[in-house]
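Source file: target16.tsv; contents: TSV, C-alpha atoms.
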chain	number	residue	atom	x	y	z
X	1	ARG	CA	82.44	86.84	105.48
X	2	THR	CA	84.42	84.47	103.28
X	3	GLY	CA	83.30	83.89	99.70
X	4	GLY	CA	82.10	80.39	98.84
X	5	ALA	CA	80.31	78.73	95.98
X	6	SER	CA	76.56	78.80	96.29
X	7	ARG	CA	73.67	78.04	93.98
X	8	ALA	CA	71.78	80.80	95.79
X	9	GLY	CA	74.33	83.38	94.70
X	10	PRO	CA	73.65	87.11	94.53
X	11	ARG	CA	71.06	88.41	92.11
X	12	GLY	CA	72.27	91.95	92.73
X	13	ASP	CA	73.03	94.18	89.78
X	14	LEU	CA	75.69	96.51	91.21
X	15	THR	CA	76.19	99.31	88.65
X	16	THR	CA	76.83	103.03	88.65
X	17	ASP	CA	73.11	103.56	88.00
X	18	ARG	CA	72.44	102.13	91.47
X	19	ILE	CA	74.78	104.56	93.23
X	20	LEU	CA	73.26	107.93	94.13
X	21	ILE	CA	75.11	110.96	95.43
X	22	ALA	CA	73.20	113.16	97.87
X	23	GLU	CA	74.33	116.43	99.39
X	24	PRO	CA	72.39	116.79	102.66
X	25	VAL	CA	74.79	119.54	103.72
X	26	PRO	CA	76.40	121.88	101.17
X	27	GLY	CA	79.88	120.63	100.33
X	28	GLN	CA	79.33	117.24	102.02
X	29	ALA	CA	78.48	114.48	99.54
X	30	VAL	CA	77.04	111.16	100.69
X	31	ALA	CA	76.95	108.03	98.49
X	32	LYS	CA	73.95	105.70	98.66
X	33	VAL	CA	73.51	102.26	97.06
X	34	THR	CA	70.01	101.31	95.83
X	35	GLY	CA	68.39	98.36	94.10
X	36	PHE	CA	68.94	95.65	96.71
X	37	GLY	CA	68.11	92.24	95.27
X	38	ALA	CA	67.48	93.45	91.71
X	39	PRO	CA	68.21	90.75	89.09
X	40	ASN	CA	71.27	91.17	86.91
X	41	ALA	CA	71.21	91.39	83.11
X	42	MET	CA	71.63	87.65	82.56
X	43	LEU	CA	68.59	86.94	84.72
X	44	ARG	CA	66.51	89.75	83.21
X	45	ASN	CA	66.92	88.67	79.59
X	46	ASP	CA	65.71	85.40	78.11
X	47	ASP	CA	67.80	86.12	75.02
X	48	VAL	CA	70.95	88.21	75.54
X	49	LEU	CA	70.92	89.20	71.88
X	50	ASP	CA	67.81	91.25	72.57
X	51	ALA	CA	69.56	93.19	75.35
X	52	VAL	CA	71.66	96.35	75.29
X	53	PRO	CA	75.44	95.71	75.40
X	54	SER	CA	75.94	98.20	78.24
X	55	ASP	CA	73.63	96.07	80.43
X	56	PHE	CA	76.48	93.56	80.74
X	57	ALA	CA	79.26	96.05	81.50
X	58	TYR	CA	79.38	95.25	85.22
X	59	LEU	CA	78.79	91.48	85.26
X	60	ALA	CA	81.41	89.06	86.57
X	61	PRO	CA	82.90	86.42	84.22
X	62	GLU	CA	81.13	83.58	86.03
X	63	GLN	CA	77.80	85.36	85.64
X	64	CYS	CA	78.51	85.99	81.95
X	65	SER	CA	79.25	82.30	81.43
X	66	GLY	CA	75.93	81.33	83.01
X	67	SER	CA	77.50	79.57	85.98
X	68	GLU	CA	75.18	78.71	88.86
X	69	PHE	CA	78.08	78.97	91.26
X	70	SER	CA	78.32	82.72	91.72
X	71	ASP	CA	78.51	84.34	95.13
X	72	GLU	CA	79.31	87.69	96.74
X	73	ARG	CA	82.65	87.74	94.93
X	74	SER	CA	80.67	88.38	91.74
X	75	ASP	CA	79.50	91.64	93.31
X	76	ILE	CA	83.11	92.42	94.20
X	77	TYR	CA	83.97	92.12	90.49
X	78	SER	CA	81.16	94.56	89.71
X	79	LEU	CA	82.62	96.92	92.31
X	80	GLY	CA	85.99	96.60	90.55
X	81	VAL	CA	84.36	97.66	87.27
X	82	ILE	CA	82.91	100.71	89.01
X	83	LEU	CA	86.27	101.67	90.50
X	84	TYR	CA	87.94	101.23	87.10
X	85	GLU	CA	85.33	103.48	85.50
X	86	MET	CA	85.78	106.12	88.19
X	87	VAL	CA	89.47	106.39	87.35
X	88	ALA	CA	89.49	105.76	83.57
X	89	GLY	CA	86.19	107.42	82.70
X	90	VAL	CA	85.10	104.29	80.81
X	91	VAL	CA	84.19	100.74	81.78
X	92	PRO	CA	86.88	98.13	81.05
X	93	PHE	CA	84.86	96.23	78.42
X	94	THR	CA	82.49	97.47	75.71
X	95	GLY	CA	81.22	96.06	72.44
X	96	GLU	CA	78.71	96.44	69.63
X	97	LYS	CA	76.78	93.35	70.76
X	98	PRO	CA	76.03	91.90	74.20
X	99	THR	CA	78.04	88.80	73.30
X	100	ASP	CA	81.11	90.99	72.61
X	101	VAL	CA	81.00	92.35	76.15
X	102	ILE	CA	80.31	88.94	77.67
X	103	LEU	CA	83.30	87.33	75.93
X	104	LYS	CA	85.62	90.15	76.96
X	105	HIS	CA	84.66	89.71	80.61
X	106	ILE	CA	85.48	86.03	80.33
X	107	GLU	CA	88.63	86.16	78.18
X	108	GLU	CA	90.29	89.60	78.02
X	109	ALA	CA	92.33	91.68	80.44
X	110	PRO	CA	91.33	95.33	80.94
X	111	ALA	CA	93.49	98.04	79.38
X	112	PRO	CA	96.07	99.51	81.80
X	113	LEU	CA	94.69	102.50	83.68
X	114	VAL	CA	97.81	104.49	82.81
X	115	ALA	CA	96.53	104.54	79.23
X	116	PHE	CA	93.72	106.80	80.45
X	117	ARG	CA	95.36	108.56	83.42
X	118	PRO	CA	99.18	108.70	83.44
X	119	ASP	CA	99.07	110.14	86.97
X	120	VAL	CA	97.32	107.12	88.53
X	121	PRO	CA	99.17	106.18	91.74
X	122	ALA	CA	101.03	102.90	91.48
X	123	GLY	CA	99.20	101.55	94.52
X	124	LEU	CA	95.69	102.08	93.15
X	125	GLU	CA	95.73	99.97	89.98
X	126	PRO	CA	96.69	96.69	91.74
X	127	ILE	CA	93.68	97.10	94.04
X	128	ILE	CA	91.31	97.52	91.10
X	129	LEU	CA	92.88	94.70	89.08
X	130	LYS	CA	92.59	92.32	92.04
X	131	ALA	CA	88.88	93.07	92.24
X	132	LEU	CA	88.68	92.38	88.48
X	133	ALA	CA	90.41	88.99	88.59
X	134	LYS	CA	88.73	86.45	86.28
X	135	ASP	CA	89.04	83.72	88.91
X	136	PRO	CA	86.88	84.50	91.98
X	137	ALA	CA	89.48	82.81	94.19
X	138	LEU	CA	92.04	85.45	93.14
X	139	ARG	CA	89.77	88.41	93.88
X	140	TYR	CA	89.17	90.14	97.14
X	141	GLN	CA	87.01	87.74	99.12
X	142	THR	CA	85.08	90.48	100.93
X	143	ALA	CA	84.38	94.18	100.36
X	144	GLY	CA	86.04	94.79	103.72
X	145	GLU	CA	89.38	93.74	102.24
X	146	ILE	CA	89.07	96.38	99.52
X	147	PHE	CA	88.06	98.91	102.16
X	148	ASP	CA	91.22	98.15	104.15
X	149	ASP	CA	93.54	98.49	101.15
X	150	LEU	CA	91.94	101.74	99.99
X	151	THR	CA	92.10	103.13	103.52
X	152	ALA	CA	95.81	102.31	103.66
X	153	LEU	CA	96.34	103.90	100.26
X	154	SER	CA	94.51	107.11	101.16
X	155	ALA	CA	96.44	107.34	104.42
X	156	GLY	CA	99.71	107.26	102.52
X	157	LYS	CA	100.74	103.84	103.85
X	158	THR	CA	101.39	102.49	100.36
X	159	ALA	CA	104.84	103.75	99.42
X	160	ALA	CA	104.21	103.38	95.70
X	161	ALA	CA	101.19	105.65	95.87
X	162	ALA	CA	103.16	108.46	97.47
X	163	ALA	CA	106.32	108.23	95.36
X	164	GLY	CA	106.85	110.98	92.84
X	165	GLU	CA	103.57	112.80	93.37
X	166	THR	CA	103.24	116.56	93.56
X	167	PRO	CA	101.08	117.91	96.42
X	168	GLY	CA	98.33	118.70	93.93
X	169	ASN	CA	98.23	115.21	92.50
X	170	LYS	CA	98.34	113.66	95.94
X	171	ASN	CA	95.29	115.68	96.97
X	172	ILE	CA	93.41	114.57	93.84
X	173	TRP	CA	94.07	110.88	94.38
X	174	THR	CA	93.46	111.08	98.13
X	175	THR	CA	90.01	112.44	97.27
X	176	VAL	CA	89.45	109.64	94.73
X	177	ALA	CA	90.50	107.04	97.29
X	178	MET	CA	88.13	108.45	99.90
X	179	VAL	CA	85.21	108.36	97.44
X	180	VAL	CA	85.84	104.74	96.49
X	181	ILE	CA	86.25	103.84	100.17
X	182	GLY	CA	82.73	105.14	100.74
X	183	ILE	CA	81.36	103.14	97.82
X	184	ALA	CA	83.21	100.01	98.97
X	185	ALA	CA	81.67	100.35	102.41
X	186	LEU	CA	78.20	100.77	100.93
X	187	ALA	CA	78.76	97.96	98.46
X	188	SER	CA	79.63	95.64	101.32
X	189	ALA	CA	76.13	96.23	102.65
X	190	LEU	CA	74.65	95.44	99.22
X	191	ILE	CA	76.78	92.31	98.90
X	192	TYR	CA	75.71	91.16	102.35
X	193	ALA	CA	72.03	91.80	101.63
X	194	THR	CA	72.06	89.98	98.29
X	195	SER	CA	74.05	86.99	99.53
X	196	VAL	CA	72.26	86.50	102.88
X	197	LYS	CA	68.72	87.71	102.30
X	198	GLN	CA	66.72	89.18	99.46
X	199	THR	CA	65.33	92.65	100.09
X	200	ASP	CA	62.31	94.02	98.27
X	201	PRO	CA	63.39	97.46	96.99
X	202	THR	CA	59.77	98.60	96.68
X	203	THR	CA	59.26	98.25	100.44
X	204	ALA	CA	62.75	98.70	101.84
X	205	LEU	CA	63.82	101.81	99.95
X	206	GLN	CA	62.27	105.24	100.10
X	207	PRO	CA	62.70	107.97	97.47
X	208	ASP	CA	65.67	110.21	98.19
X	209	ALA	CA	64.69	113.81	97.53
X	210	ASN	CA	68.33	114.89	97.71
X	211	GLY	CA	69.65	112.07	95.52
X	212	MET	CA	71.08	112.46	92.08
X	213	PRO	CA	72.86	110.02	89.75
Transcribe the structure of this file into structure tokens.
Amino acid sequence: RTGGASRAGPRGDLTTDRILIAEPVPGQAVAKVTGFGAPNAMLRNDDVLDAVPSDFAYLAPEQCSGSEFSDERSDIYSLGVILYEMVAGVVPFTGEKPTDVILKHIEEAPAPLVAFRPDVPAGLEPIILKALAKDPALRYQTAGEIFDDLTALSAGKTAAAAAGETPGNKNIWTTVAMVVIGIAALASALIYATSVKQTDPTTALQPDANGMP
């Protein structure tokens, strides 16, 4: 699917809280995305000043600015925030007030990942930064595109990712890439559901006894 402006854009609130990790078989983790069709923080709060700043950590710039023309590429931005957090250990933008976070999404560039992890492969950061582009037209247009780039990276097809790595580091980042590939694949299902049809989470989702945040 190709991203396009739509007044019926996604309401989905793609955050780490909506990703569960289950272990149906010992040593085999499975990621699951929940909360299909849940409204994002801008839609949940009549007054953003009454909200918690962290509620806005995963929103795209166009959602933060109140634009009616958001689409599935807004969810791709949220996925980029999640991938950034997985590598850095923190979300790209924080603040004391909700408005601080909102303005940073709209105006500021995220800190380089190397500031948090000097061993980040050169091929991984460009993927995350493309997902975090302020302009939706400059982002990945579908989750499938991210999936393809991460698959290539994990397979060692990106020369920059393989250069200068010790075997130990390569194993670490191959594992990271495989995890984010799984989340990207699941996120593509969430993006499709929120942009094509609204799903009632109370009827469509069942409790996962093996799930954990």
Counting all atoms listed in the file, which residues of region 13-87 of chain X sit at most 12 Å from some atom of region 123-140 of chain X, and what is each one's closest atom pair with its distance in Å to one decimal, listed by chain and rising residue number, as a Markdown table?
| residue | atom | partner | partner_atom | distance |
| --- | --- | --- | --- | --- |
| X:Tyr58 | CA | X:Leu132 | CA | 10.3 |
| X:Leu59 | CA | X:Leu132 | CA | 10.4 |
| X:Ala60 | CA | X:Lys134 | CA | 7.8 |
| X:Pro61 | CA | X:Lys134 | CA | 6.2 |
| X:Glu62 | CA | X:Lys134 | CA | 8.1 |
| X:Gln63 | CA | X:Lys134 | CA | 11.0 |
| X:Cys64 | CA | X:Lys134 | CA | 11.1 |
| X:Ser65 | CA | X:Lys134 | CA | 11.4 |
| X:Phe69 | CA | X:Pro136 | CA | 10.4 |
| X:Ser70 | CA | X:Pro136 | CA | 8.7 |
| X:Asp71 | CA | X:Pro136 | CA | 8.9 |
| X:Glu72 | CA | X:Pro136 | CA | 9.5 |
| X:Arg73 | CA | X:Pro136 | CA | 6.1 |
| X:Ser74 | CA | X:Pro136 | CA | 7.3 |
| X:Asp75 | CA | X:Ala131 | CA | 9.5 |
| X:Ile76 | CA | X:Ala131 | CA | 6.1 |
| X:Tyr77 | CA | X:Leu132 | CA | 5.1 |
| X:Ser78 | CA | X:Leu132 | CA | 7.9 |
| X:Leu79 | CA | X:Ala131 | CA | 7.3 |
| X:Gly80 | CA | X:Ala131 | CA | 4.9 |
| X:Val81 | CA | X:Leu132 | CA | 6.9 |
| X:Ile82 | CA | X:Ile128 | CA | 9.2 |
| X:Leu83 | CA | X:Ile128 | CA | 6.6 |
| X:Tyr84 | CA | X:Ile128 | CA | 6.4 |
| X:Glu85 | CA | X:Ile128 | CA | 10.1 |
| X:Met86 | CA | X:Ile128 | CA | 10.6 |
| X:Val87 | CA | X:Glu125 | CA | 9.3 |
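Coordinates place CA of Ser67 (chain X) at a distance of 19.9 Å from CA of Ala109 (chain X).
CA of Asp55 (chain X) is found 11.0 Å from CA of Leu14 (chain X).
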Quiz prompt | Interatomic distance (Å, one decimal) between CA of Pro53 (chain X) and CA of Glu96 (chain X) | solution = 6.7 Å
So which residues touch Arg18 (chain X) within 8 Å, counting only C-alpha atoms, skipping near sequence neighbours fewer than 6 positions away, as a PDB file with C-alpha atoms, in the coordinates of the input?
ATOM      1  CA  VAL X  33      73.510 102.260  97.060  1.00  0.00           C
ATOM      2  CA  THR X  34      70.010 101.310  95.830  1.00  0.00           C
ATOM      3  CA  GLY X  35      68.390  98.360  94.100  1.00  0.00           C
TER       4      GLY X  35
END
Quiz item: Between X:Ile102, X:Leu49, X:Ala31, X:Leu150, which one has atoms that come closest to Thr16 (chain X), using only C-alpha atoms?
Solution: X:Ala31
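Minimum distance to Pro121 (chain X) across X:Val52, X:Ala57, X:Leu153, X:Gly89 (counting all atoms listed in the file) occurs at X:Leu153.
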